[in-house]
Each structure stands twice: as structure tokens, then as C-alpha cells.
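Working notes for the structure below.
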Amino acid sequence: MNSTAIIINGLAVAALIWALVGDREKARAGLRKGLQVMMGIAPVTLLVVAVVGIVLAFIPAETVGLVLGEGAGFTGVLAALGLGALVHMPALLGFPLAGKVLQNGGSPGPVAAFITSLTMIGVFTIPMEIKILGRRFTLARNLVSAALALSIAVLMGVLV
Amino acid sequence: MNGESKSPGTGVEAPKRSKGLLLAFAALVLIGGFSLAFPDKRAAILEGSGGFLREVVFILPAVCVLMGLFGAFVSKDLVMRILGKSSGWKGALLSIGLGSLPTGPLYAAFPLAAALREKGARSANIFLFLTAWACIKLPQELLELRFLGPRFMLIRLALTVALAVPAAFLVERYVDSVASRSEPESPATSNGKEMRP
């Protein structure tokens with residue numbers, strides 16, 4: 001269990017105790033709803049888990065580093081953007097990788113594209129997002145985020 | 001409330017049991033199929049999926065508890081006032097602030113975003129909350145500072161904030177325009193007691 005999980009679970013336990021002390025009935029209703037949501041997203045989450053593992057096996061971190069390092073110009077930015085949207089990698093892994101690429105002379109555009117789309121867009125978590133936030137919002141958010149990541153990366157290439 | 005009705009307000013329906021089983025089965029088939037077809041990748045697939053499963057199992061239940069409690073205890077008036085249609089730039093700033101504080105993967109923010117929207121937060125602010133959670137959250141900025149340097153981190157941060165705000169209103173315009181034209185498909189728009197046949 002990493003620190004993120006500890007923090008979130010600690011927060012949930014604290015909130016739960018506070019809620020139970022404050023208003024047992026409301027707390028129970030809230031828990032029931034939380035459970036309902038969890039059961040609602042559990043099956044699609046399993047599917048996402050399978051796909052994420054498969055993608056990670058075929059696009060390992062070394063491949064990402066290679067593509068980022070050699071990427072330059074607009075096509076480099078686009079490739080990095082696509083990779084970031086496809087792979088699922090915790091920030092604790094992604095940022096050191098991006099840093100290494102930059103130190104080895106990689107250009108800032110693709111590196112910025114990669115970390116921005118890595119954190120903002122998850123192609124394979126889209127089914128979960130749709131289930132929770134609805135189709136329209138999900139599609140709009142992901143498309144606009146891709147445009148955002150692209151703009152940020154292009155400007156980073158100019159500015160850094 | 002029976003099994004097939006919408007859960008109150010969230011729009012996250014519990015899938016019919018058969019559909020849920022089918023999805024779970026599909027996950028197993030995918031992993032099994034790829035492991036058999038690419039024996040040299042089997043270890044990597046199991047490790048990748050296993051790692052992600054562990055992460056999800058430790059994070060999602062807690063997030064769902066938080067979401068449920070938020071829904072039960074926080075008043076709709078409050079959220080509407082500070083994050084709703086008339087919240088203006090203060091609401092936008094607050095959304096970015098709220099999203100920047102936590103840590104954790106983006107998918108953990110989806111249930112919380114749904115809870116905020118159910119309580120009347122405007123779509124632009126939901127987008128800003130999610131974008132901040134993805135890109136601006138403090139623990140991650142510290143990682144970026146450490147591995148990519150202050151110059152890279154500060155310029156990217158400034159660009160993200162500057163561009164995310166107009167992007168948020170673009171998303172809102174699209175989402176709201178479509179939503180007002182057709183049936184209220186978007187899950188968490190109302191109090192969940194909308195008339196559904």
C-alpha cells in the first residue's frame with residue numbers, strides 16, 4: 001500500500017467516524033450510496049485492469065523513454081501525446097522517466113506532451129469515466145484535454 | 001428503490017448482474033487470451049494488471065465512501081453557491097484549488113466530480129477540478145520540480161492554468177448545449193428524482 005492509498009483511506013476513515021458521530025442515519029445513507037456506486041463501476045473497472053496490464057506489457061517504460069528521447073518537432077510531440085494517453089503509469093514512475101529523457105538531451109516539447117497527456121488523459125479509463133460522469137462530458141473532457149496537452153507541448157517547445 | 005432504478009442522483013447504475021458478470025468474464029478472457037497468444041509477455045501482463053488491480057482495490061472503495069458521505073452531508077445550496085453557475089471566477093479558482101490539494105490517480109477523482117456536479121457545480125468547474133487533479137496537484141508538482149527542474153515546471157504550470165480556464169468554458173458550452181437540446185442523459189444533473197418511466 002503506497003502513501004496515496006494510505007492518505008485516501010485515512011481520509012475516508014476519518015470522514016466516516018466524523019459522519020457516524022454526527023448523524024448515524026445520514027452516514028448510513030451516504031455509505032449505501034457509495035457502495036452502490038462502487039458496485040456500479042466494479043465490472044467495468046475489471047475490464048480496464050485487464051486492458052491496462054496488456055498495454056503496459058506491450059509498451060513498457062523503456063519503449064516510452066526511447067520514443068520520447070528520439071521524438072522531435074511536431075511528430076515527436078504527437079507521438080508522445082499518444083503514448084501518454086495510452087499508457088497508465090503512476091507519476092512516481094512517469095516523472096523520473098521524463099526527467100531522464102530531458103537530461104539525456106531530449107526536447108522539452110515531447111516530454112511536456114507526454115507528462116501532460118499521461119496525467120490528464122486515460123484512453124483506457126474512459127469506460128470508467130463514462131460510467132461515472134456520462135458520455136458527453138467524458139468525450140468533451142478528453143478531446144479538449146488532448147488539445148490542451150498539444151498546445152502546452154508546442155508552447156513548451158518554444159519557451160523552454 | 002428497486003434494483004434497476006438509478007442510484008439517487010449519481011447516475012451510476014448498478015449493472016444488471018448478468019452484464020457485470022459478462023464484463024468480468026471478458027476481463028479474464030482478455031488476460032488469458034493475450035497470455036496464451038504471447039507467452040513471453042505473460043509475466044509482464046500479469047504484473048501490470050496485478051499492480052493496477054492492487055492500486056484500484058486500495059483506492060476506489062475509499063473514494064466511494066468519501067463520495068457517498070459528501071453526497072449525504074454537504075448541502076446542495078452550498079455547492080451551488082460556491083461552484084454553481086453564478087460562482088464566477090471565484091468558483092473557478094476554488095475548483096482549481098480543490099483539485100490541487102489531493103493526491104492520487106485521476107480516476108479516483110471521477111466519483112468526487114460526479115458528487116460535486118450532482119450538488120449543482122457547473123460543468124466548467126468540474127472540468128477545472130479534474131484538470132487540476134490531473135496536472136496541478138501539489139505532490140505531483142513537487143515531483144516535477146525535482147525531476148524536470150524549476151523552469152520546466154513553472155512554465156508548464158503557468159501554461160496549464162492559463163489554457164485550462166478557456167478550455168473549461170468550451171467544454172461547458174458543449175455539454176450544456178447538448179444536454180438542453182435532448183433528454184437529460186447526463187447522469188448527475190438533477191437531484192436524481194427526475195421523472196423516469
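Chain lettering (A, B, ...) mirrors the order of the C-alpha cells, residue numbering begins at 1 for each chain separately, and ligand numbering begins at 1 in order of display.
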**Request:** List every residue of range 32-190 of chain B that DSSP, applied to the backbone, labels as helix (DSSP H, G or I), and write the result as an MDAnalysis selection string.
**Result:** chainID B and resid 32:37 39:73 76:83 88:100 106:118 123:136 138:148 150:181
**Met156 in chain A surroundings by only C-alpha atoms, 6 Å radius, close-in-sequence under 4 positions cut, as a PyMOL selection string** = chain A and resi 109+152+160
Using only C-alpha atoms, tabulate the residues of chain A lying at most 7 Å from any atom of chain B, each with its closest atom pair and that distance in Å to one decimal, by chain and increasing residue number, as a Markdown table.
| residue | atom | partner | partner_atom | distance |
| --- | --- | --- | --- | --- |
| A:Thr4 | CA | B:Gly104 | CA | 5.7 |
| A:Ala5 | CA | B:Ile59 | CA | 5.6 |
| A:Ile8 | CA | B:Ala62 | CA | 6.4 |
| A:Asn9 | CA | B:Ala62 | CA | 5.3 |
| A:Ala12 | CA | B:Ala62 | CA | 5.5 |
| A:Lys26 | CA | B:Ala72 | CA | 5.8 |
| A:Ala27 | CA | B:Leu69 | CA | 6.2 |
| A:Ala29 | CA | B:Ala72 | CA | 6.7 |
| A:Gly30 | CA | B:Gly68 | CA | 4.1 |
| A:Leu31 | CA | B:Gly68 | CA | 5.5 |
| A:Lys33 | CA | B:Gly68 | CA | 5.3 |
| A:Gly34 | CA | B:Gly68 | CA | 4.3 |
| A:Leu35 | CA | B:Cys64 | CA | 6.8 |
| A:Gln36 | CA | B:Ala14 | CA | 6.5 |
| A:Val37 | CA | B:Val12 | CA | 5.8 |
| A:Met38 | CA | B:Cys64 | CA | 6.2 |
| A:Met39 | CA | B:Ala14 | CA | 6.1 |
| A:Gly40 | CA | B:Ala14 | CA | 4.0 |
| A:Pro43 | CA | B:Gly20 | CA | 5.1 |
| A:Val44 | CA | B:Leu23 | CA | 6.3 |
| A:Leu46 | CA | B:Ala24 | CA | 6.0 |
| A:Leu47 | CA | B:Ala27 | CA | 4.6 |
| A:Val49 | CA | B:Ser49 | CA | 5.4 |
| A:Ala50 | CA | B:Ala27 | CA | 5.4 |
| A:Val52 | CA | B:Ser49 | CA | 6.4 |
| A:Gly53 | CA | B:Ser49 | CA | 3.9 |
| A:Ile54 | CA | B:Ile45 | CA | 5.0 |
| A:Leu56 | CA | B:Gly48 | CA | 6.1 |
| A:Ala57 | CA | B:Ala44 | CA | 5.0 |
| A:Ala91 | CA | B:Gln140 | CA | 6.8 |
| A:Phe95 | CA | B:Glu144 | CA | 6.2 |
| A:Pro96 | CA | B:Phe147 | CA | 5.6 |
| A:Gly99 | CA | B:Phe147 | CA | 4.9 |
| A:Thr116 | CA | B:Cys135 | CA | 6.8 |
| A:Thr119 | CA | B:Ala134 | CA | 5.1 |
| A:Met120 | CA | B:Ala134 | CA | 5.1 |
| A:Glu129 | CA | B:Phe110 | CA | 6.5 |
| A:Lys131 | CA | B:Val12 | CA | 6.1 |
| A:Ile132 | CA | B:Val12 | CA | 5.6 |
| A:Leu133 | CA | B:Ala114 | CA | 5.9 |
| A:Gly134 | CA | B:Ser186 | CA | 5.4 |
| A:Arg136 | CA | B:Val175 | CA | 6.2 |
| A:Phe137 | CA | B:Val175 | CA | 6.0 |
| A:Ala140 | CA | B:Val171 | CA | 5.8 |
| A:Arg141 | CA | B:Val171 | CA | 6.5 |
| A:Val144 | CA | B:Ala167 | CA | 6.6 |
| A:Leu148 | CA | B:Leu163 | CA | 6.8 |
| A:Ile152 | CA | B:Leu159 | CA | 6.2 |
| A:Met156 | CA | B:Arg156 | CA | 6.9 |
| A:Val160 | CA | B:Phe152 | CA | 6.6 |
For the selection you just gave me, I'd like the residues written to a file as a CSV table (one decimal), in the first residue's frame, keeping N, CA and C atoms.
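selection_39.csv, written as the output of this step:
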chain,number,residue,atom,x,y,z
A,4,THR,N,-0.2,7.2,-1.2
A,4,THR,CA,-1.5,7.7,-1.7
A,4,THR,C,-2.7,7.0,-1.1
A,5,ALA,N,-2.6,5.7,-1.2
A,5,ALA,CA,-3.7,4.8,-0.7
A,5,ALA,C,-3.8,5.1,0.8
A,8,ILE,N,-5.7,8.5,1.3
A,8,ILE,CA,-7.1,8.4,0.9
A,8,ILE,C,-7.9,7.6,1.9
A,9,ASN,N,-7.4,6.4,2.3
A,9,ASN,CA,-8.1,5.6,3.2
A,9,ASN,C,-8.2,6.2,4.6
A,12,ALA,N,-10.9,8.7,4.3
A,12,ALA,CA,-12.2,8.1,4.3
A,12,ALA,C,-12.6,7.6,5.7
A,26,LYS,N,-27.8,9.7,8.3
A,26,LYS,CA,-27.2,10.2,7.1
A,26,LYS,C,-26.0,9.5,6.7
A,27,ALA,N,-25.1,9.1,7.7
A,27,ALA,CA,-23.9,8.4,7.3
A,27,ALA,C,-24.2,7.1,6.7
A,29,ALA,N,-26.9,6.4,5.0
A,29,ALA,CA,-27.4,6.6,3.6
A,29,ALA,C,-26.3,6.9,2.7
A,30,GLY,N,-25.3,7.7,3.1
A,30,GLY,CA,-24.1,8.0,2.3
A,30,GLY,C,-23.3,6.8,2.0
A,31,LEU,N,-23.1,5.9,3.0
A,31,LEU,CA,-22.4,4.7,2.7
A,31,LEU,C,-23.1,3.8,1.7
A,33,LYS,N,-25.0,4.7,-0.6
A,33,LYS,CA,-24.8,5.2,-2.0
A,33,LYS,C,-23.4,5.0,-2.5
A,34,GLY,N,-22.4,5.1,-1.6
A,34,GLY,CA,-21.1,4.9,-2.0
A,34,GLY,C,-20.9,3.4,-2.5
A,35,LEU,N,-21.5,2.5,-1.7
A,35,LEU,CA,-21.4,1.1,-2.1
A,35,LEU,C,-22.1,0.9,-3.4
A,36,GLN,N,-23.2,1.5,-3.6
A,36,GLN,CA,-23.9,1.4,-4.9
A,36,GLN,C,-23.1,1.8,-6.1
A,37,VAL,N,-22.4,3.0,-5.9
A,37,VAL,CA,-21.5,3.5,-7.0
A,37,VAL,C,-20.4,2.5,-7.2
A,38,MET,N,-19.8,1.9,-6.1
A,38,MET,CA,-18.7,1.0,-6.3
A,38,MET,C,-19.1,-0.2,-7.0
A,39,MET,N,-20.3,-0.8,-6.6
A,39,MET,CA,-20.8,-2.0,-7.4
A,39,MET,C,-21.0,-1.6,-8.8
A,40,GLY,N,-21.5,-0.4,-9.0
A,40,GLY,CA,-21.8,0.0,-10.4
A,40,GLY,C,-20.5,0.1,-11.3
A,43,PRO,N,-17.5,-3.9,-12.4
A,43,PRO,CA,-17.2,-4.7,-13.5
A,43,PRO,C,-16.4,-4.0,-14.6
A,44,VAL,N,-16.8,-2.8,-14.9
A,44,VAL,CA,-16.0,-2.1,-16.0
A,44,VAL,C,-14.6,-1.8,-15.5
A,46,LEU,N,-12.8,-3.9,-13.8
A,46,LEU,CA,-12.0,-5.1,-14.0
A,46,LEU,C,-11.5,-5.2,-15.4
A,47,LEU,N,-12.4,-4.8,-16.3
A,47,LEU,CA,-12.1,-4.8,-17.8
A,47,LEU,C,-10.9,-3.8,-18.0
A,49,VAL,N,-8.7,-2.9,-15.8
A,49,VAL,CA,-7.5,-3.5,-15.2
A,49,VAL,C,-6.8,-4.5,-16.2
A,50,ALA,N,-7.6,-5.3,-16.9
A,50,ALA,CA,-7.1,-6.2,-17.9
A,50,ALA,C,-6.4,-5.5,-19.0
A,52,VAL,N,-5.3,-2.4,-19.2
A,52,VAL,CA,-4.1,-1.6,-18.8
A,52,VAL,C,-2.9,-2.5,-18.7
A,53,GLY,N,-3.0,-3.7,-18.1
A,53,GLY,CA,-1.9,-4.6,-17.9
A,53,GLY,C,-1.4,-5.1,-19.3
A,54,ILE,N,-2.3,-5.3,-20.2
A,54,ILE,CA,-1.9,-5.8,-21.5
A,54,ILE,C,-1.1,-4.7,-22.3
A,56,LEU,N,0.5,-2.2,-21.0
A,56,LEU,CA,1.8,-2.0,-20.3
A,56,LEU,C,2.8,-3.0,-20.7
A,57,ALA,N,2.3,-4.3,-20.9
A,57,ALA,CA,3.2,-5.3,-21.4
A,57,ALA,C,3.8,-5.1,-22.7
A,91,ALA,N,2.6,8.8,-11.4
A,91,ALA,CA,3.5,9.9,-11.6
A,91,ALA,C,4.9,9.6,-11.0
A,95,PHE,N,7.4,10.7,-14.0
A,95,PHE,CA,8.2,11.9,-14.0
A,95,PHE,C,9.7,11.7,-14.0
A,96,PRO,N,10.2,10.7,-13.2
A,96,PRO,CA,11.6,10.4,-13.3
A,96,PRO,C,12.0,10.0,-14.7
A,99,GLY,N,12.2,13.0,-16.7
A,99,GLY,CA,13.4,13.8,-16.4
A,99,GLY,C,14.7,13.2,-17.0
A,116,THR,N,1.9,15.6,-19.7
A,116,THR,CA,0.6,16.3,-19.7
A,116,THR,C,-0.5,15.3,-20.1
A,119,THR,N,-1.0,12.4,-17.4
A,119,THR,CA,-1.8,12.7,-16.2
A,119,THR,C,-3.2,13.1,-16.5
A,120,MET,N,-3.5,13.7,-17.7
A,120,MET,CA,-4.8,14.2,-18.0
A,120,MET,C,-5.7,13.3,-18.7
A,129,GLU,N,-14.9,6.4,-16.8
A,129,GLU,CA,-15.3,7.8,-16.7
A,129,GLU,C,-16.7,8.0,-17.3
A,131,LYS,N,-19.0,5.8,-17.3
A,131,LYS,CA,-20.0,5.2,-16.3
A,131,LYS,C,-20.3,6.2,-15.2
A,132,ILE,N,-19.3,7.0,-14.8
A,132,ILE,CA,-19.5,7.8,-13.7
A,132,ILE,C,-19.9,9.2,-14.0
A,133,LEU,N,-19.4,9.8,-15.1
A,133,LEU,CA,-19.7,11.2,-15.5
A,133,LEU,C,-20.5,11.4,-16.7
A,134,GLY,N,-20.8,10.3,-17.4
A,134,GLY,CA,-21.6,10.4,-18.6
A,134,GLY,C,-20.8,10.5,-19.9
A,136,ARG,N,-21.2,12.4,-22.7
A,136,ARG,CA,-20.9,13.6,-23.3
A,136,ARG,C,-19.7,14.3,-22.6
A,137,PHE,N,-19.9,14.4,-21.3
A,137,PHE,CA,-18.8,15.1,-20.6
A,137,PHE,C,-17.5,14.4,-20.8
A,140,ALA,N,-16.1,15.1,-24.3
A,140,ALA,CA,-15.7,16.5,-24.4
A,140,ALA,C,-14.4,16.8,-23.6
A,141,ARG,N,-14.4,16.2,-22.3
A,141,ARG,CA,-13.2,16.4,-21.5
A,141,ARG,C,-11.9,15.9,-22.1
A,144,VAL,N,-10.9,17.9,-25.4
A,144,VAL,CA,-10.4,19.2,-25.1
A,144,VAL,C,-9.1,19.1,-24.3
A,148,LEU,N,-5.5,20.6,-25.3
A,148,LEU,CA,-4.8,21.4,-24.2
A,148,LEU,C,-3.4,20.9,-24.1
A,152,ILE,N,0.0,23.0,-24.9
A,152,ILE,CA,1.0,23.2,-23.9
A,152,ILE,C,2.4,22.7,-24.4
A,156,MET,N,5.7,24.8,-24.9
A,156,MET,CA,6.8,24.4,-24.1
A,156,MET,C,8.1,24.3,-25.0
A,160,VAL,N,10.8,26.7,-23.5
A,160,VAL,CA,11.8,26.2,-22.6
A,160,VAL,C,13.1,26.0,-23.4
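Atom pair CA of Leu16 in chain A / CA of Ile130 in chain A: separated by 27.3 Å.
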